[in-house]
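Coordinates as given in final_9.cif (mmCIF, C-alpha atoms):
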```cif
data_start
loop_
_atom_site.label_atom_id
_atom_site.label_comp_id
_atom_site.auth_asym_id
_atom_site.auth_seq_id
_atom_site.Cartn_x
_atom_site.Cartn_y
_atom_site.Cartn_z
CA MET H 27 0.00 0.00 0.00
CA GLU H 28 2.90 2.37 0.75
CA GLY H 29 4.28 1.86 -2.74
CA TYR H 30 0.87 2.46 -4.28
CA ILE H 31 0.49 5.76 -2.41
CA LEU H 32 4.00 6.86 -3.42
CA ASP H 33 3.22 6.09 -7.05
CA TRP H 34 0.12 8.31 -6.86
CA ALA H 35 2.13 11.06 -5.18
CA ASN H 36 4.80 10.78 -7.86
CA MET H 37 2.28 10.92 -10.70
CA LEU H 38 0.25 13.84 -9.31
CA LEU H 39 3.30 15.89 -8.32
CA ARG H 40 4.87 15.34 -11.74
CA TRP H 41 1.63 16.43 -13.40
CA VAL H 42 1.37 19.58 -11.28
CA HIS H 43 5.06 20.33 -11.80
CA VAL H 44 4.76 20.15 -15.59
CA ILE H 45 1.62 22.31 -15.60
CA THR H 46 3.12 25.03 -13.41
CA ALA H 47 6.42 24.91 -15.31
CA ILE H 48 4.57 25.47 -18.58
CA ALA H 49 2.80 28.48 -17.02
CA TRP H 50 6.08 29.94 -15.67
CA ILE H 51 8.21 29.35 -18.75
CA GLY H 52 5.38 30.40 -21.04
CA SER H 53 4.92 33.74 -19.30
CA SER H 54 8.70 34.26 -19.16
CA PHE H 55 9.13 33.59 -22.89
CA TYR H 56 6.14 35.78 -23.69
CA PHE H 57 7.43 38.80 -21.79
CA VAL H 58 10.93 38.46 -23.25
CA TRP H 59 9.38 38.37 -26.72
CA LEU H 60 7.01 41.23 -25.89
CA ASP H 61 9.75 43.44 -24.47
CA ASN H 62 11.85 42.94 -27.60
CA SER H 63 8.93 43.40 -30.01
CA LEU H 64 7.53 46.74 -28.81
CA THR H 65 7.49 49.71 -31.18
CA LYS H 66 7.60 53.39 -30.33
CA PRO H 67 4.08 54.85 -30.22
CA THR H 68 3.13 57.44 -32.84
CA ALA H 69 -0.06 58.75 -31.25
CA PRO H 70 0.61 62.01 -29.32
CA ASP H 71 -1.75 61.04 -26.49
CA LEU H 72 0.26 57.87 -25.81
CA LYS H 73 3.49 59.83 -25.64
CA GLU H 74 1.91 62.25 -23.22
CA LYS H 75 0.84 59.36 -21.00
CA GLY H 76 4.44 58.12 -20.84
CA VAL H 77 4.01 55.07 -23.08
CA ASP H 78 7.45 54.02 -24.33
CA GLY H 79 6.42 51.06 -26.47
CA GLU H 80 3.34 49.21 -27.69
CA LEU H 81 2.33 46.19 -29.68
CA TRP H 82 -0.76 45.27 -31.62
CA ALA H 83 -1.57 41.56 -31.83
CA VAL H 84 -4.46 39.32 -32.79
CA HIS H 85 -5.20 36.04 -31.02
CA GLY H 86 -8.27 33.88 -30.56
CA GLY H 87 -10.46 36.22 -32.60
CA GLY H 88 -9.59 39.29 -30.52
CA PHE H 89 -7.19 42.23 -30.83
CA TYR H 90 -4.74 43.11 -28.07
CA ASN H 91 -2.73 46.28 -27.46
CA PRO H 92 -0.18 45.86 -24.63
CA GLN H 93 1.71 49.04 -23.72
CA LYS H 94 4.89 49.59 -21.72
CA TYR H 95 5.41 52.77 -19.69
CA LEU H 96 8.75 54.43 -19.06
CA THR H 97 8.07 54.41 -15.32
CA ALA H 98 4.37 53.94 -14.62
CA PRO H 99 1.01 55.45 -15.59
CA LYS H 100 0.07 58.64 -13.79
CA GLN H 101 -2.49 56.69 -11.81
CA LEU H 102 -1.80 53.07 -10.94
CA PRO H 103 -4.71 50.69 -11.58
CA GLU H 104 -6.27 48.95 -8.61
CA ASN H 105 -6.07 45.52 -10.25
CA LEU H 106 -2.37 45.04 -10.90
CA HIS H 107 -1.37 41.47 -11.79
CA TRP H 108 1.85 40.11 -10.33
CA PHE H 109 3.67 37.21 -11.99
CA TYR H 110 5.21 35.17 -9.21
CA TRP H 111 3.01 32.24 -8.24
CA GLU H 112 3.95 30.51 -11.49
CA SER H 113 7.54 30.50 -10.25
CA TYR H 114 6.84 29.56 -6.65
CA SER H 115 4.43 26.72 -7.48
CA THR H 116 6.87 25.29 -10.04
CA TRP H 117 9.68 25.18 -7.50
CA MET H 118 7.54 23.82 -4.66
CA SER H 119 6.05 21.04 -6.77
CA GLY H 120 9.48 20.23 -8.19
CA PHE H 121 11.10 20.03 -4.77
CA ALA H 122 8.25 17.85 -3.49
CA LEU H 123 8.78 15.54 -6.45
CA LEU H 124 12.52 15.45 -5.72
CA VAL H 125 11.77 14.44 -2.12
CA VAL H 126 9.29 11.70 -3.06
CA LEU H 127 11.29 10.17 -5.89
CA TYR H 128 14.96 10.80 -5.03
CA LEU H 129 15.41 11.67 -1.38
CA PHE H 130 13.08 8.90 -0.14
CA ASN H 131 14.99 6.44 -2.35
CA ALA H 132 18.48 7.84 -1.90
CA SER H 133 20.24 4.47 -1.92
CA THR H 134 18.73 3.68 -5.33
CA PHE H 135 18.62 7.03 -7.12
CA LEU H 136 21.26 9.26 -5.52
CA ILE H 137 24.09 6.86 -4.81
CA ASP H 138 26.44 5.14 -7.23
CA LYS H 139 29.15 3.42 -5.19
CA ASN H 140 31.41 3.36 -8.23
CA VAL H 141 31.30 7.16 -8.19
CA PHE H 142 31.26 7.95 -4.47
CA ASP H 143 30.41 5.57 -1.64
CA MET H 144 28.24 7.25 1.00
CA SER H 145 25.28 6.57 3.25
CA PRO H 146 21.72 7.51 2.22
CA GLY H 147 21.66 10.18 4.94
CA ALA H 148 24.85 11.75 3.62
CA ALA H 149 23.50 11.65 0.06
CA VAL H 150 20.35 13.52 1.13
CA GLY H 151 22.43 16.08 3.01
CA PHE H 152 24.72 16.62 0.03
CA ALA H 153 21.74 16.99 -2.32
CA VAL H 154 20.00 19.64 -0.22
CA SER H 155 23.30 21.45 0.40
CA TYR H 156 24.01 21.43 -3.33
CA LEU H 157 20.82 23.40 -3.97
CA LEU H 158 21.46 25.90 -1.17
CA ILE H 159 25.12 26.47 -1.98
CA GLY H 160 24.21 27.02 -5.61
CA TRP H 161 21.97 29.97 -4.70
CA ILE H 162 24.47 31.41 -2.18
CA VAL H 163 27.38 31.37 -4.65
CA TYR H 164 25.30 32.71 -7.53
CA ASP H 165 23.78 35.51 -5.45
CA SER H 166 27.22 36.44 -4.09
CA ILE H 167 28.62 36.73 -7.63
CA CYS H 168 25.75 39.01 -8.64
CA ARG H 169 26.16 41.18 -5.53
CA LEU H 170 29.94 41.52 -5.76
CA PHE H 171 30.15 42.25 -9.49
CA ASN H 172 26.73 43.80 -10.12
CA LYS H 173 28.20 46.71 -12.15
CA ASN H 174 29.65 44.39 -14.80
CA ASP H 175 26.96 42.17 -16.39
CA ARG H 176 29.41 40.46 -18.74
CA LEU H 177 31.73 39.46 -15.89
CA VAL H 178 28.77 38.23 -13.85
CA GLY H 179 27.64 36.08 -16.76
CA ILE H 180 31.09 34.56 -17.22
CA LEU H 181 31.54 33.81 -13.51
CA VAL H 182 28.06 32.28 -13.22
CA ALA H 183 28.74 30.06 -16.25
CA ILE H 184 32.06 28.93 -14.74
CA TYR H 185 30.40 28.17 -11.42
CA ILE H 186 27.61 26.11 -13.00
CA ALA H 187 30.17 24.13 -15.01
CA ALA H 188 32.18 23.49 -11.84
CA ALA H 189 29.01 22.51 -9.96
CA ALA H 190 28.10 20.05 -12.72
CA TYR H 191 31.56 18.49 -12.45
CA VAL H 192 31.25 18.14 -8.67
CA ALA H 193 27.73 16.67 -8.87
CA CYS H 194 28.85 14.05 -11.41
CA HIS H 195 31.64 13.00 -9.02
CA ILE H 196 29.40 12.70 -5.96
CA PHE H 197 26.01 11.42 -7.15
CA SER H 198 24.87 8.85 -9.67
CA GLY H 199 24.84 10.26 -13.20
CA ARG H 200 21.06 10.41 -13.35
CA ALA H 201 20.82 12.25 -10.02
CA ALA H 202 23.74 14.58 -10.88
CA PHE H 203 21.98 15.81 -14.02
CA LEU H 204 18.66 16.31 -12.27
CA LEU H 205 20.20 18.01 -9.22
CA THR H 206 22.15 20.41 -11.41
CA GLY H 207 18.89 21.34 -13.13
CA ALA H 208 17.20 21.66 -9.73
CA MET H 209 20.01 23.91 -8.50
CA ILE H 210 19.59 26.27 -11.46
CA ALA H 211 15.80 26.18 -11.07
CA THR H 212 16.25 27.07 -7.38
CA ILE H 213 18.36 30.06 -8.44
CA MET H 214 15.64 31.11 -10.89
CA SER H 215 12.84 30.95 -8.35
CA ALA H 216 14.96 32.58 -5.65
CA ASN H 217 15.65 35.44 -8.08
CA VAL H 218 11.91 36.04 -8.28
CA LEU H 219 11.40 35.69 -4.53
CA ALA H 220 14.41 37.66 -3.27
CA TRP H 221 14.97 40.31 -5.94
CA ILE H 222 12.46 40.71 -8.75
CA ILE H 223 9.20 40.84 -6.77
CA PRO H 224 10.58 42.79 -3.74
CA GLY H 225 12.06 45.35 -6.12
CA GLN H 226 8.78 45.72 -7.96
CA ARG H 227 6.91 46.13 -4.68
CA LYS H 228 9.27 48.95 -3.63
CA VAL H 229 8.75 50.68 -6.98
CA VAL H 230 4.95 50.44 -6.67
CA ALA H 231 5.05 51.66 -3.07
CA ALA H 232 7.18 54.67 -4.05
CA LEU H 233 4.86 55.57 -6.92
CA LYS H 234 1.77 55.36 -4.72
CA ALA H 235 3.45 57.57 -2.13
CA GLY H 236 4.45 60.10 -4.76
CA GLN H 237 8.14 59.55 -4.06
CA PRO H 238 10.97 59.25 -6.64
CA VAL H 239 11.69 55.70 -7.79
CA ASP H 240 15.17 54.31 -7.18
CA PRO H 241 16.29 52.90 -10.58
CA ILE H 242 18.45 50.26 -8.87
CA HIS H 243 15.38 48.08 -8.32
CA GLY H 244 14.62 47.93 -12.03
CA LYS H 245 18.25 47.31 -12.91
CA ARG H 246 18.62 44.44 -10.45
CA GLY H 247 15.32 42.91 -11.42
CA LYS H 248 16.22 43.11 -15.12
CA GLN H 249 19.59 41.46 -14.53
CA ARG H 250 18.07 38.51 -12.66
CA SER H 251 15.25 38.22 -15.19
CA VAL H 252 17.74 38.03 -18.05
CA HIS H 253 19.66 35.31 -16.22
CA ASN H 254 16.43 33.34 -15.75
CA THR H 255 15.80 33.54 -19.49
CA TYR H 256 19.15 31.96 -20.33
CA PHE H 257 18.76 29.33 -17.58
CA THR H 258 15.48 28.00 -18.97
CA LEU H 259 16.64 25.62 -21.72
CA PRO H 260 19.48 24.09 -19.65
CA VAL H 261 17.01 23.39 -16.84
CA LEU H 262 14.52 21.78 -19.21
CA PHE H 263 17.19 19.43 -20.54
CA ALA H 264 18.36 18.49 -17.05
CA MET H 265 14.78 17.67 -16.04
CA LEU H 266 14.25 15.48 -19.11
CA SER H 267 17.66 13.80 -19.04
CA ASN H 268 16.59 10.97 -16.73
CA HIS H 269 14.83 9.43 -19.75
CA TYR H 270 18.09 9.29 -21.73
CA SER H 271 20.70 7.20 -19.99
CA MET H 272 23.04 7.54 -22.98
CA THR H 273 23.83 11.04 -21.64
CA TYR H 274 24.21 10.58 -17.89
CA ALA H 275 25.73 7.08 -18.00
CA HIS H 276 28.77 8.16 -20.01
CA LYS H 277 32.22 8.12 -18.41
CA TYR H 278 32.56 11.88 -18.97
CA ASN H 279 28.94 12.70 -18.20
CA TRP H 280 29.88 16.08 -16.72
CA VAL H 281 31.25 17.15 -20.12
CA VAL H 282 28.04 15.94 -21.77
CA LEU H 283 25.93 17.93 -19.31
CA ILE H 284 27.96 21.13 -19.73
CA LEU H 285 27.94 20.96 -23.54
CA ILE H 286 24.21 20.31 -23.83
CA MET H 287 23.39 23.10 -21.38
CA LEU H 288 25.70 25.38 -23.35
CA SER H 289 23.89 24.50 -26.56
CA GLY H 290 20.61 25.53 -24.90
CA VAL H 291 22.07 28.92 -23.96
CA LEU H 292 23.38 29.49 -27.49
CA ILE H 293 20.06 28.60 -29.10
CA ARG H 294 18.17 30.81 -26.63
CA GLN H 295 20.50 33.68 -27.54
CA PHE H 296 19.50 33.32 -31.18
CA PHE H 297 15.80 33.69 -30.38
CA ILE H 298 16.37 36.64 -28.05
CA LEU H 299 18.21 38.47 -30.81
CA LYS H 300 15.60 37.40 -33.36
CA HIS H 301 12.90 39.12 -31.30
CA LYS H 302 14.91 42.32 -31.78
CA GLY H 303 15.07 41.80 -35.52
CA LYS H 304 18.69 40.58 -35.51
CA ILE H 305 19.25 37.27 -37.27
CA ASN H 306 22.60 35.65 -36.54
CA VAL H 307 22.76 31.97 -37.48
CA LEU H 308 26.15 31.58 -35.85
CA TRP H 309 24.48 31.22 -32.45
CA PRO H 310 22.27 28.20 -33.28
CA ALA H 311 25.07 26.80 -35.46
CA ALA H 312 27.37 26.83 -32.44
CA GLY H 313 24.63 25.19 -30.37
CA VAL H 314 24.14 22.44 -32.95
CA ALA H 315 27.92 21.97 -33.14
CA ALA H 316 28.03 21.44 -29.36
CA LEU H 317 25.26 18.84 -29.67
CA GLY H 318 27.18 17.21 -32.53
CA VAL H 319 30.26 16.88 -30.33
CA VAL H 320 28.12 15.18 -27.68
CA ALA H 321 26.50 12.86 -30.23
CA VAL H 322 29.90 11.67 -31.44
CA MET H 323 31.25 11.48 -27.92
CA ILE H 324 28.52 9.22 -26.51
CA ALA H 325 27.93 7.11 -29.64
CA PRO H 326 27.95 3.35 -28.90
CA GLN H 327 31.30 1.75 -29.57
CA PRO H 328 31.39 -1.42 -31.67
CA ARG H 329 32.10 -4.50 -29.61
CA PRO H 330 34.56 -7.12 -30.85
CA ALA H 331 32.88 -10.10 -32.46
CA VAL H 332 32.46 -13.22 -30.35
CA ALA H 333 35.31 -15.61 -31.02
CA LYS H 334 34.40 -18.72 -32.98
CA ALA H 335 35.95 -22.11 -32.42
CA ASP H 336 37.21 -24.02 -35.49
CA GLY H 337 35.14 -21.87 -37.84
CA GLU H 338 31.85 -22.85 -36.18
CA ALA H 339 29.33 -20.52 -34.59
CA ALA H 340 29.77 -19.94 -30.91
CA ALA H 341 27.43 -21.98 -28.74
CA ALA H 342 24.14 -20.33 -27.85
CA VAL H 343 23.91 -18.90 -24.35
CA SER H 344 21.92 -21.02 -21.94
CA PHE H 345 18.77 -19.21 -20.84
CA ALA H 346 19.28 -20.65 -17.37
CA LYS H 347 22.42 -18.48 -17.09
CA VAL H 348 20.48 -15.44 -18.28
CA GLN H 349 17.84 -16.06 -15.63
CA GLU H 350 20.55 -16.39 -12.99
CA VAL H 351 21.79 -12.91 -13.91
CA MET H 352 18.24 -11.55 -13.75
CA ASN H 353 17.70 -13.08 -10.31
CA ALA H 354 21.03 -11.83 -8.98
CA ARG H 355 21.09 -8.34 -10.48
CA CYS H 356 17.65 -7.23 -11.66
CA VAL H 357 14.68 -8.60 -9.72
CA GLN H 358 15.60 -6.53 -6.66
CA CYS H 359 13.83 -3.67 -8.47
CA HIS H 360 11.90 -5.46 -11.22
CA ALA H 361 9.62 -7.89 -9.44
CA GLU H 362 6.07 -8.23 -8.16
CA GLN H 363 7.39 -7.45 -4.69
CA PRO H 364 10.86 -5.91 -5.15
CA LYS H 365 13.27 -5.61 -2.23
CA MET H 366 14.80 -2.25 -3.13
CA MET H 367 11.70 -0.30 -4.21
CA PRO H 368 8.05 -0.08 -3.12
CA THR H 369 6.80 -1.33 -6.50
CA ALA H 370 8.33 -2.70 -9.69
CA ALA H 371 10.49 0.04 -11.27
CA LYS H 372 8.69 1.48 -14.32
CA GLY H 373 6.21 -1.38 -13.94
CA ILE H 374 8.76 -3.78 -15.49
CA LYS H 375 9.04 -7.29 -14.00
CA LEU H 376 11.81 -9.72 -14.88
CA GLU H 377 10.93 -12.78 -12.84
CA THR H 378 9.55 -15.20 -15.43
CA PRO H 379 10.89 -16.33 -18.83
CA GLU H 380 7.90 -14.62 -20.45
CA ASP H 381 8.72 -11.31 -18.73
CA ILE H 382 12.39 -11.53 -19.68
CA LYS H 383 11.56 -12.37 -23.31
CA ALA H 384 9.05 -9.50 -23.53
CA HIS H 385 11.66 -6.99 -22.33
CA ALA H 386 14.68 -8.46 -24.13
CA GLN H 387 15.19 -5.37 -26.30
CA LEU H 388 15.05 -3.08 -23.26
CA ILE H 389 17.44 -5.31 -21.31
CA TYR H 390 19.89 -5.19 -24.20
CA GLN H 391 19.70 -1.42 -24.52
CA GLN H 392 19.84 -0.55 -20.83
CA ALA H 393 22.12 -3.24 -19.39
CA VAL H 394 24.41 -4.05 -22.33
CA GLN H 395 24.69 -1.09 -24.71
CA GLN H 396 24.24 1.89 -22.40
CA LYS H 397 25.16 0.18 -19.12
CA ALA H 398 22.60 2.36 -17.38
CA MET H 399 21.05 -0.49 -15.43
CA PRO H 400 21.13 -1.43 -12.64
CA LEU H 401 20.92 2.16 -11.39
CA GLY H 402 24.29 3.08 -9.93
CA ASN H 403 25.15 -0.61 -10.47
CA VAL H 404 23.84 -1.12 -6.96
CA THR H 405 23.64 -4.91 -7.52
CA GLN H 406 27.21 -5.05 -8.90
CA ILE H 407 26.57 -6.61 -12.29
CA THR H 408 29.86 -7.55 -13.98
CA ASP H 409 31.06 -6.85 -17.50
CA ASP H 410 31.06 -10.60 -18.19
CA GLU H 411 27.41 -10.78 -17.18
CA ARG H 412 26.56 -7.85 -19.45
CA ALA H 413 28.39 -9.60 -22.30
CA LEU H 414 26.43 -12.77 -21.61
CA LEU H 415 23.14 -10.86 -21.85
CA GLY H 416 24.32 -9.28 -25.08
CA GLN H 417 25.27 -12.62 -26.60
CA TRP H 418 21.88 -14.05 -25.58
CA PHE H 419 19.97 -11.19 -27.20
CA GLU H 420 22.04 -11.23 -30.40
CA GLY H 421 21.46 -14.98 -30.61
CA GLY H 422 17.70 -14.49 -30.80
CA ALA H 423 16.79 -14.02 -27.11
CA LYS H 424 15.64 -17.64 -26.82
CA THR H 425 14.11 -18.99 -23.61
CA THR H 426 13.95 -22.67 -24.55
CA ASN H 427 17.60 -23.75 -24.59
#
```
Rewrite the structure from the file as structure tokens, please.
Amino acid sequence: MEGYILDWANMLLRWVHVITAIAWIGSSFYFVWLDNSLTKPTAPDLKEKGVDGELWAVHGGGFYNPQKYLTAPKQLPENLHWFYWESYSTWMSGFALLVVLYLFNASTFLIDKNVFDMSPGAAVGFAVSYLLIGWIVYDSICRLFNKNDRLVGILVAIYIAAAAYVACHIFSGRAAFLLTGAMIATIMSANVLAWIIPGQRKVVAALKAGQPVDPIHGKRGKQRSVHNTYFTLPVLFAMLSNHYSMTYAHKYNWVVLILIMLSGVLIRQFFILKHKGKINVLWPAAGVAALGVVAVMIAPQPRPAVAKADGEAAAAVSFAKVQEVMNARCVQCHAEQPKMMPTAAKGIKLETPEDIKAHAQLIYQQAVQQKAMPLGNVTQITDDERALLGQWFEGGAKTTN
């Protein structure tokens, strides 16, 4: 029953997280596009009102005319919408999902003893600290070098690359990728909570009181907002990466993570400039080149052919040996009542010949080609056992011999 409840919690939290993330990223992308697409107003009355830019658009059968003021309208409207719950709800649902899926199953999802041997408690402590330290270092960089945006950008990029390297040498590859994304997402949401919204509230309060507005609030909020824009695509990849073990299971997974996140930044830069009417294909070309380097880097390597004796085909692998490997290395997670998880991982069971035959392709991909399973090699499968599974699959995945 506990496993059933956790599965429901996992499903519902993931659903909520995706919905709120769409709302947050959608509004963020929209305002970046809007800000870069405004045109100077020509009507004298708009100029007199302080309108600095406007846009006419049509959507859903209606016409829209958003306007941006240099400071604020002479009289603030009573109903002023604030964009922040999209950010907060995305982070809260994401952290709850992290707790349910990763922190409650630290020994399975966070720890790879071949990377760094630690207790589940230590793994949880490192994971939470990783998120907190990420925000502290990032915020310190922005505070110390706030007058030089270019230097801040370079230092933040260096820190994230270093953090990715550290994560990939402490946690399992899958967890390292996700935690790096979670760290950046924490920075993004903390930017909204600690800087963007408080600064906007101070501006509104000053306007209502008839006092001069300190421009520092707008400058700081803009800086953090721009950072959030560039963080978006790297975070999205990190959150999706757990479905693609070919990336996080590689020996140099930290290089893979850095290059793919970099490609996201480069592609985002192209679209930001495009909104301003500047087309520069070198940015997406560089992003695609980075992805190409990764594709070549993680491509499966051809395995040497199985040796043949006296010109005859090598003997077929006994299915009994295959089942021994399954029982020793796989059923701890893939069984009706697994020992290491509340329920069968991904709903896949490998206890019977029929189950093993049905998932032969997946076994070959995950355990032989990509070596992503078992997670963190927690059951200590050997290279010889992986080779045996590969030989069995390539021989037709028979269960009768």
**Asked** Where does the PyMOL selection byres ((chain H and resi 123-133) around 8) land in this file, that is, which residues does it pick, as a list in words?
**Response**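 Taken on the displayed file, the PyMOL selection byres ((chain H and resi 123-133) around 8) yields the residues Leu32, Ala35, Asn36, Leu39, Arg40, Ser119, Gly120, Phe121, Ala122, Thr134, Phe135, Leu136, Ile137, Ser145, Pro146, Gly147, Ala149, Val150, Ala201 and Met367 of chain H.
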**Asked** Which of these residues is nearest to Asn62 in chain H, using all atoms listed in the file: H:Ala202, H:Ala98, H:Ile298, H:Val229?
**Response** H:Ile298
**Request:** For CA of Tyr30 in chain H and CA of Gln363 in chain H, quote the distance in Å rounded to one decimal.
**Result:** 11.9 Å
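The closest residue to Glu420 in chain H, picked from H:Gln387, H:Gly402, H:Ala211, H:Glu377 and counting only C-alpha atoms, is H:Gln387.
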**Message:** the PyMOL selection byres ((chain H and resi 303-307) around 12) - which residues does that actually catch in the file I just gave you? List them as a list in words.
**Reply:**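 Applying the PyMOL selection byres ((chain H and resi 303-307) around 12) to the structure shown produces Trp59, Asn62, Ser63, Leu64, Thr65, Leu292, Ile293, Arg294, Gln295, Phe296, Phe297, Ile298, Leu299, Lys300, His301, Lys302, Leu308, Trp309, Pro310, Ala311, Ala312, Gly313 and Val314 of chain H.
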**Request:** Mind giving me the straight-line distance from CA of Ile286 in chain H to CA of Asp175 in chain H in Å, one decimal?
**Result:**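 Between CA of Ile286 in chain H and CA of Asp175 in chain H the gap is 23.3 Å.
Of the listed residues H:Asn268, H:Gln327, H:Thr426, H:Thr212, the one whose atoms come nearest to Tyr164 in chain H is H:Thr212, with distances taken using all atoms listed in the file.
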Please provide as an mmCIF file with C-alpha atoms, in the coordinates of the input all residues within 9 Å of Met272 in chain H, with the sequence filter that same-chain residues fewer than 6 positions apart are discarded (counting all atoms listed in the file).
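Here's the written file around.cif:
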```
data_model
loop_
_atom_site.group_PDB
_atom_site.id
_atom_site.type_symbol
_atom_site.label_atom_id
_atom_site.label_comp_id
_atom_site.auth_asym_id
_atom_site.auth_seq_id
_atom_site.Cartn_x
_atom_site.Cartn_y
_atom_site.Cartn_z
ATOM 1 C CA ILE H 324 28.520 9.220 -26.510
ATOM 2 C CA ALA H 325 27.930 7.110 -29.640
ATOM 3 C CA PRO H 326 27.950 3.350 -28.900
ATOM 4 C CA GLN H 392 19.840 -0.550 -20.830
ATOM 5 C CA GLN H 395 24.690 -1.090 -24.710
ATOM 6 C CA GLN H 396 24.240 1.890 -22.400
ATOM 7 C CA LYS H 397 25.160 0.180 -19.120
ATOM 8 C CA ALA H 398 22.600 2.360 -17.380
#
```
